[in-house]
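K.L.:
Just one file: target-v3.cif, with mmCIF, C-alpha atoms.
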data_model
#
loop_
_atom_site.label_atom_id
_atom_site.label_comp_id
_atom_site.auth_asym_id
_atom_site.auth_seq_id
_atom_site.Cartn_x
_atom_site.Cartn_y
_atom_site.Cartn_z
CA MET A 6 -13.42 -9.18 1.39
CA THR A 7 -9.68 -9.71 1.01
CA ARG A 8 -7.75 -6.44 1.12
CA VAL A 9 -4.80 -6.18 -1.27
CA LEU A 10 -1.91 -3.74 -1.10
CA VAL A 11 -0.06 -3.23 -4.39
CA ILE A 12 3.46 -1.84 -4.12
CA HIS A 13 5.61 -0.61 -6.99
CA GLY A 14 9.25 0.02 -6.20
CA PRO A 15 11.88 2.39 -7.56
CA ASN A 16 11.67 3.58 -11.16
CA LEU A 17 8.30 1.94 -11.81
CA ASN A 18 6.82 5.45 -11.96
CA LEU A 19 8.57 5.59 -15.36
CA LEU A 20 6.58 2.71 -16.85
CA GLY A 21 5.52 3.48 -20.38
CA THR A 22 8.69 5.42 -21.15
CA ARG A 23 11.46 3.47 -19.39
CA GLU A 24 13.01 0.85 -21.68
CA PRO A 25 9.74 0.04 -23.45
CA GLU A 26 11.39 -2.92 -25.18
CA ILE A 27 11.69 -4.53 -21.72
CA TYR A 28 8.82 -3.02 -19.73
CA GLY A 29 6.28 -2.17 -22.44
CA ARG A 30 4.42 1.07 -23.09
CA THR A 31 1.73 0.78 -20.42
CA THR A 32 2.02 3.54 -17.82
CA LEU A 33 1.90 2.98 -14.07
CA ALA A 34 -1.49 4.72 -13.91
CA GLU A 35 -2.79 2.31 -16.54
CA VAL A 36 -1.37 -0.67 -14.62
CA ASN A 37 -3.11 0.55 -11.46
CA ASP A 38 -6.41 0.97 -13.34
CA LEU A 39 -6.11 -2.58 -14.72
CA VAL A 40 -5.29 -3.93 -11.26
CA ARG A 41 -8.26 -2.21 -9.62
CA ALA A 42 -10.67 -3.32 -12.36
CA HIS A 43 -9.47 -6.94 -12.29
CA ALA A 44 -9.53 -7.06 -8.49
CA ALA A 45 -13.15 -5.87 -8.52
CA THR A 46 -14.14 -8.73 -10.83
CA LEU A 47 -12.53 -11.16 -8.37
CA GLY A 48 -14.17 -9.68 -5.28
CA LEU A 49 -10.88 -8.29 -3.95
CA ASP A 50 -10.46 -4.85 -2.41
CA VAL A 51 -7.32 -2.96 -3.50
CA VAL A 52 -6.64 -0.70 -0.52
CA ASP A 53 -3.78 1.13 -2.21
CA CYS A 54 -1.52 1.12 -5.23
CA PHE A 55 1.60 2.66 -3.77
CA GLN A 56 4.79 3.61 -5.61
CA SER A 57 7.94 5.09 -4.21
CA ASN A 58 11.54 5.47 -5.24
CA HIS A 59 12.46 5.46 -1.54
CA GLU A 60 13.05 2.25 0.37
CA GLY A 61 11.99 3.74 3.71
CA ALA A 62 8.67 4.99 2.31
CA ILE A 63 7.90 1.51 0.99
CA ILE A 64 8.78 -0.06 4.34
CA ASP A 65 6.63 2.52 6.16
CA ARG A 66 3.69 1.67 3.86
CA ILE A 67 4.08 -2.06 4.47
CA GLN A 68 4.04 -1.46 8.22
CA VAL A 69 0.62 0.24 8.11
CA ARG A 70 -0.91 -3.28 8.05
CA ASP A 71 -4.30 -2.24 6.60
CA TYR A 72 -4.32 -5.14 4.15
CA ASP A 73 -4.40 -8.94 4.08
CA VAL A 74 -1.97 -9.68 1.25
CA THR A 75 0.56 -7.71 -0.81
CA VAL A 76 1.44 -7.75 -4.49
CA ILE A 77 4.90 -6.23 -4.76
CA ASN A 78 7.18 -5.36 -7.63
CA ALA A 79 10.16 -4.24 -5.59
CA GLY A 80 12.17 -3.21 -8.64
CA GLY A 81 15.85 -2.84 -7.88
CA LEU A 82 15.23 -3.28 -4.14
CA THR A 83 14.66 -6.95 -4.89
CA HIS A 84 18.40 -7.32 -5.36
CA THR A 85 19.65 -5.09 -2.57
CA SER A 86 17.33 -4.74 0.41
CA VAL A 87 17.49 -6.86 3.51
CA SER A 88 15.37 -4.17 5.19
CA LEU A 89 12.56 -4.70 2.68
CA ARG A 90 12.74 -8.45 3.24
CA ASP A 91 12.52 -7.90 6.99
CA ALA A 92 9.50 -5.59 6.62
CA LEU A 93 7.68 -8.08 4.41
CA THR A 94 8.25 -10.92 6.88
CA VAL A 95 7.67 -9.06 10.14
CA VAL A 96 4.14 -7.94 9.21
CA ALA A 97 3.18 -11.63 8.95
CA ARG A 98 1.07 -11.27 5.82
CA PRO A 99 1.58 -13.22 2.60
CA PHE A 100 2.94 -11.45 -0.43
CA ILE A 101 3.33 -12.23 -4.10
CA GLU A 102 6.43 -10.96 -5.86
CA VAL A 103 5.87 -9.68 -9.41
CA HIS A 104 8.43 -8.70 -12.03
CA ILE A 105 7.45 -7.41 -15.45
CA SER A 106 10.62 -8.82 -16.98
CA ASP A 107 12.37 -12.00 -15.89
CA PRO A 108 15.32 -10.86 -13.76
CA TRP A 109 16.90 -14.32 -13.90
CA GLN A 110 17.26 -13.94 -17.68
CA ARG A 111 18.90 -10.53 -17.48
CA ASP A 112 22.05 -9.13 -15.85
CA GLU A 113 23.97 -11.41 -13.51
CA PHE A 114 23.42 -9.09 -10.51
CA ARG A 115 19.63 -9.39 -10.95
CA LYS A 116 19.83 -13.07 -10.07
CA VAL A 117 20.34 -12.06 -6.44
CA ASN A 118 16.89 -11.87 -4.87
CA PHE A 119 16.37 -11.06 -1.21
CA ILE A 120 12.62 -11.70 -1.13
CA HIS A 121 11.99 -14.70 -3.39
CA ASP A 122 12.37 -17.36 -0.71
CA VAL A 123 9.88 -15.72 1.66
CA ALA A 124 7.25 -14.87 -0.98
CA PHE A 125 4.06 -16.90 -1.28
CA ALA A 126 4.73 -16.94 -5.03
CA THR A 127 6.80 -15.21 -7.69
CA ILE A 128 5.49 -14.22 -11.10
CA ALA A 129 8.21 -13.01 -13.46
CA GLY A 130 8.48 -12.28 -17.14
CA HIS A 131 4.76 -12.07 -17.89
CA GLY A 132 4.71 -8.32 -18.47
CA ILE A 133 2.01 -6.31 -16.73
CA ASN A 134 -0.21 -9.40 -16.86
CA GLY A 135 1.86 -10.65 -13.94
CA TYR A 136 -0.03 -8.25 -11.67
CA LEU A 137 -3.36 -9.70 -12.84
CA GLU A 138 -2.06 -13.25 -12.42
CA ALA A 139 -1.08 -12.36 -8.86
CA LEU A 140 -4.64 -11.20 -8.19
CA ASP A 141 -5.99 -14.44 -9.67
CA LEU A 142 -3.71 -16.39 -7.34
CA ILE A 143 -4.91 -14.36 -4.36
CA ALA A 144 -8.54 -14.98 -5.28
CA THR A 145 -8.05 -18.73 -5.67
CA ARG A 146 -5.50 -19.50 -2.97
CA LEU A 147 -5.36 -16.72 -0.39
CA ALA A 148 -8.75 -15.02 -0.25
CA GLY A 149 -10.90 -15.67 2.78
CA PRO A 150 -14.54 -16.68 2.63
CA ARG A 151 -16.74 -14.26 0.76
CA GLY A 152 -19.58 -12.77 2.65
#
Please express the file's structure as structure tokens.
P.N.:
Amino acid sequence: MTRVLVIHGPNLNLLGTREPEIYGRTTLAEVNDLVRAHAATLGLDVVDCFQSNHEGAIIDRIQVRDYDVTVINAGGLTHTSVSLRDALTVVARPFIEVHISDPWQRDEFRKVNFIHDVAFATIAGHGINGYLEALDLIATRLAGPRG
């Protein structure tokens, strides 16, 4: 069974209340419930849904290496963190970058992306469905043989 780590970066703990016109009204707990339920239907094992506002905590979690593939919404770290990029590449596991909104259609500074070019795929602007689409992609393109 393919093991999936889901990482939510800074400020994603405020989903449901933070700029609902951009991010919607679904809470992070609800997103995690949807992710776990959808993963189960695909035969994927979600080992953790991890959120932190701290770059180092996210990097530490990535380095645990108890997973096969990562779904990551790095939030603002997408635009600022070489260290996050390094962590994602050094563990030598594929990852799918997810953004609820489309950063390329927003502020100019959000067009800088330190992880896009090393991601297996990027899903942006599909709301919380982007997480589910990432799981679908894992199941069809990255999952190992089912036993």
K.L.:
Name all residues at most 9 Å from Val103 (chain A) (count only C-alpha atoms; drop same-chain ones fewer than 3 positions away) and give them as an NGL selection string.
P.N.:
:A and (76-79 or 106 or 126-131 or 133 or 135-136 or 139)
K.L.:
Quick one: apply the PyMOL selection byres ((chain A and resi 144) around 12) to the file and drop the selected residues here as a PyMOL selection string.
P.N.:
chain A and resi 6-9+43-50+73-74+137-143+145-151
K.L.:
Go through A:Phe55, A:Ile63, A:Asp91, A:Ile105 and flag the residue nearest Glu24 (chain A), using all atoms listed in the file for the distances.
P.N.:
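When distances to Glu24 (chain A) are compared using all atoms listed in the file, the smallest one comes from A:Ile105.
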K.L.:
Would you kindly return, as JSON, numbers by chain, each protein, DNA or RNA residue with an atom no farther than 12 Å from any atom of Asp112 (chain A), considering only C-alpha atoms and excluding same-chain residues fewer than 5 positions away?
P.N.:
{"A": [81, 84, 106, 107, 117]}
K.L.:
Which residues, named as in the file, does the PyMOL selection byres ((chain A and resi 31) around 12) pick out? Answer as an MDAnalysis selection string.
P.N.:
chainID A and resid 17:30 32:39 105 132:134
K.L.:
To one decimal place in Å, what is the distance between CA of Cys54 (chain A) and CA of Gln110 (chain A)?
P.N.:
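About the pair CA of Cys54 (chain A) and CA of Gln110 (chain A): they are 27.1 Å apart.
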K.L.:
List the residues sitting within 7 Å of (-3.2, -1.7, 1.3) in the file's frame, using all atoms listed in the file, as a VMD selection string.
P.N.:
chain A and resid 8 to 11 51 to 53 71 to 72
K.L.:
Would you please work out which residue, of A:Ala62, A:Ala124, A:Ile101, A:Val69, is nearest to Ser88 (chain A) when using only C-alpha atoms?
P.N.:
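For Ser88 (chain A), the nearest of the given residues is A:Ala62.
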K.L.:
Written as a PDB file with C-alpha atoms, keeping the file's coordinate frame, which residues does the PyMOL selection byres ((chain A and resi 99) around 6) give for the file shown?
P.N.:
ATOM      1  CA  VAL A  74      -1.970  -9.680   1.250  1.00  0.00           C
ATOM      2  CA  ARG A  98       1.070 -11.270   5.820  1.00  0.00           C
ATOM      3  CA  PHE A 100       2.940 -11.450  -0.430  1.00  0.00           C
ATOM      4  CA  PHE A 125       4.060 -16.900  -1.280  1.00  0.00           C
TER       5      PHE A 125
END
K.L.:
By how many Å are CA of Leu82 (chain A) and CA of His104 (chain A) apart?
P.N.:
11.7 Å
K.L.:
Tell me, in Å to one decimal, how far CA of Leu89 (chain A) is from CA of Asn118 (chain A).
P.N.:
11.3 Å
K.L.:
Kindly indicate which residue among A:Arg66, A:His13, A:Arg41, A:Phe119 lies nearest to Thr85 (chain A), using all atoms listed in the file for the distances.
P.N.:
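Comparing A:Arg66, A:His13, A:Arg41, A:Phe119 against Thr85 (chain A), the winner is A:Phe119.
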K.L.:
Could you check which residues have any atom within 8 Å of (16.1, -12.3, 3.3), counting only C-alpha atoms with coordinates taken straight from the file, and then list them as a PyMOL selection string?
P.N.:
chain A and resi 87+90-91+119-120+122-123
K.L.:
Please, could N, CA, C and O atoms be added to region 23-39 of chain A and the result written as a compact mmCIF listing (two decimals), keeping the file's coordinate frame?
P.N.:
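Written output follows (result-v4.txt):
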# COMPACT_ATOMS: atom_id res chain seq x y z
N ARG A 23 10.19 4.08 -19.76
CA ARG A 23 11.46 3.47 -19.39
C ARG A 23 11.64 2.16 -20.15
O ARG A 23 10.86 1.23 -19.98
N GLU A 24 12.66 2.08 -20.97
CA GLU A 24 13.01 0.85 -21.68
C GLU A 24 11.77 0.08 -22.14
O GLU A 24 11.52 -1.04 -21.70
N PRO A 25 10.99 0.69 -23.03
CA PRO A 25 9.74 0.04 -23.45
C PRO A 25 9.95 -1.33 -24.08
O PRO A 25 9.04 -2.17 -24.04
N GLU A 26 11.13 -1.59 -24.61
CA GLU A 26 11.39 -2.92 -25.18
C GLU A 26 11.45 -3.99 -24.09
O GLU A 26 11.27 -5.18 -24.38
N ILE A 27 11.68 -3.60 -22.85
CA ILE A 27 11.69 -4.53 -21.72
C ILE A 27 10.38 -4.45 -20.93
O ILE A 27 9.79 -5.47 -20.59
N TYR A 28 9.94 -3.23 -20.65
CA TYR A 28 8.82 -3.02 -19.73
C TYR A 28 7.50 -2.68 -20.42
O TYR A 28 6.48 -2.56 -19.76
N GLY A 29 7.50 -2.49 -21.72
CA GLY A 29 6.28 -2.17 -22.44
C GLY A 29 5.96 -0.68 -22.42
O GLY A 29 6.72 0.13 -21.89
N ARG A 30 4.83 -0.33 -22.97
CA ARG A 30 4.42 1.07 -23.09
C ARG A 30 3.27 1.45 -22.16
O ARG A 30 2.80 2.57 -22.18
N THR A 31 2.82 0.51 -21.36
CA THR A 31 1.73 0.78 -20.42
C THR A 31 2.27 1.60 -19.25
O THR A 31 3.29 1.25 -18.66
N THR A 32 1.58 2.68 -18.91
CA THR A 32 2.02 3.54 -17.82
C THR A 32 1.64 2.93 -16.47
O THR A 32 0.78 2.04 -16.39
N LEU A 33 2.23 3.45 -15.41
CA LEU A 33 1.90 2.98 -14.07
C LEU A 33 0.44 3.26 -13.75
O LEU A 33 -0.24 2.41 -13.17
N ALA A 34 -0.07 4.42 -14.15
CA ALA A 34 -1.49 4.72 -13.91
C ALA A 34 -2.38 3.71 -14.61
O ALA A 34 -3.39 3.26 -14.04
N GLU A 35 -2.01 3.31 -15.81
CA GLU A 35 -2.79 2.31 -16.54
C GLU A 35 -2.70 0.94 -15.86
O GLU A 35 -3.70 0.22 -15.78
N VAL A 36 -1.52 0.59 -15.37
CA VAL A 36 -1.37 -0.67 -14.62
C VAL A 36 -2.29 -0.65 -13.41
O VAL A 36 -3.03 -1.60 -13.15
N ASN A 37 -2.27 0.45 -12.66
CA ASN A 37 -3.11 0.55 -11.46
C ASN A 37 -4.59 0.45 -11.81
O ASN A 37 -5.35 -0.19 -11.08
N ASP A 38 -5.01 1.07 -12.90
CA ASP A 38 -6.41 0.97 -13.34
C ASP A 38 -6.77 -0.47 -13.67
O ASP A 38 -7.84 -0.96 -13.30
N LEU A 39 -5.87 -1.17 -14.39
CA LEU A 39 -6.11 -2.58 -14.72
C LEU A 39 -6.20 -3.44 -13.46
O LEU A 39 -7.06 -4.32 -13.36
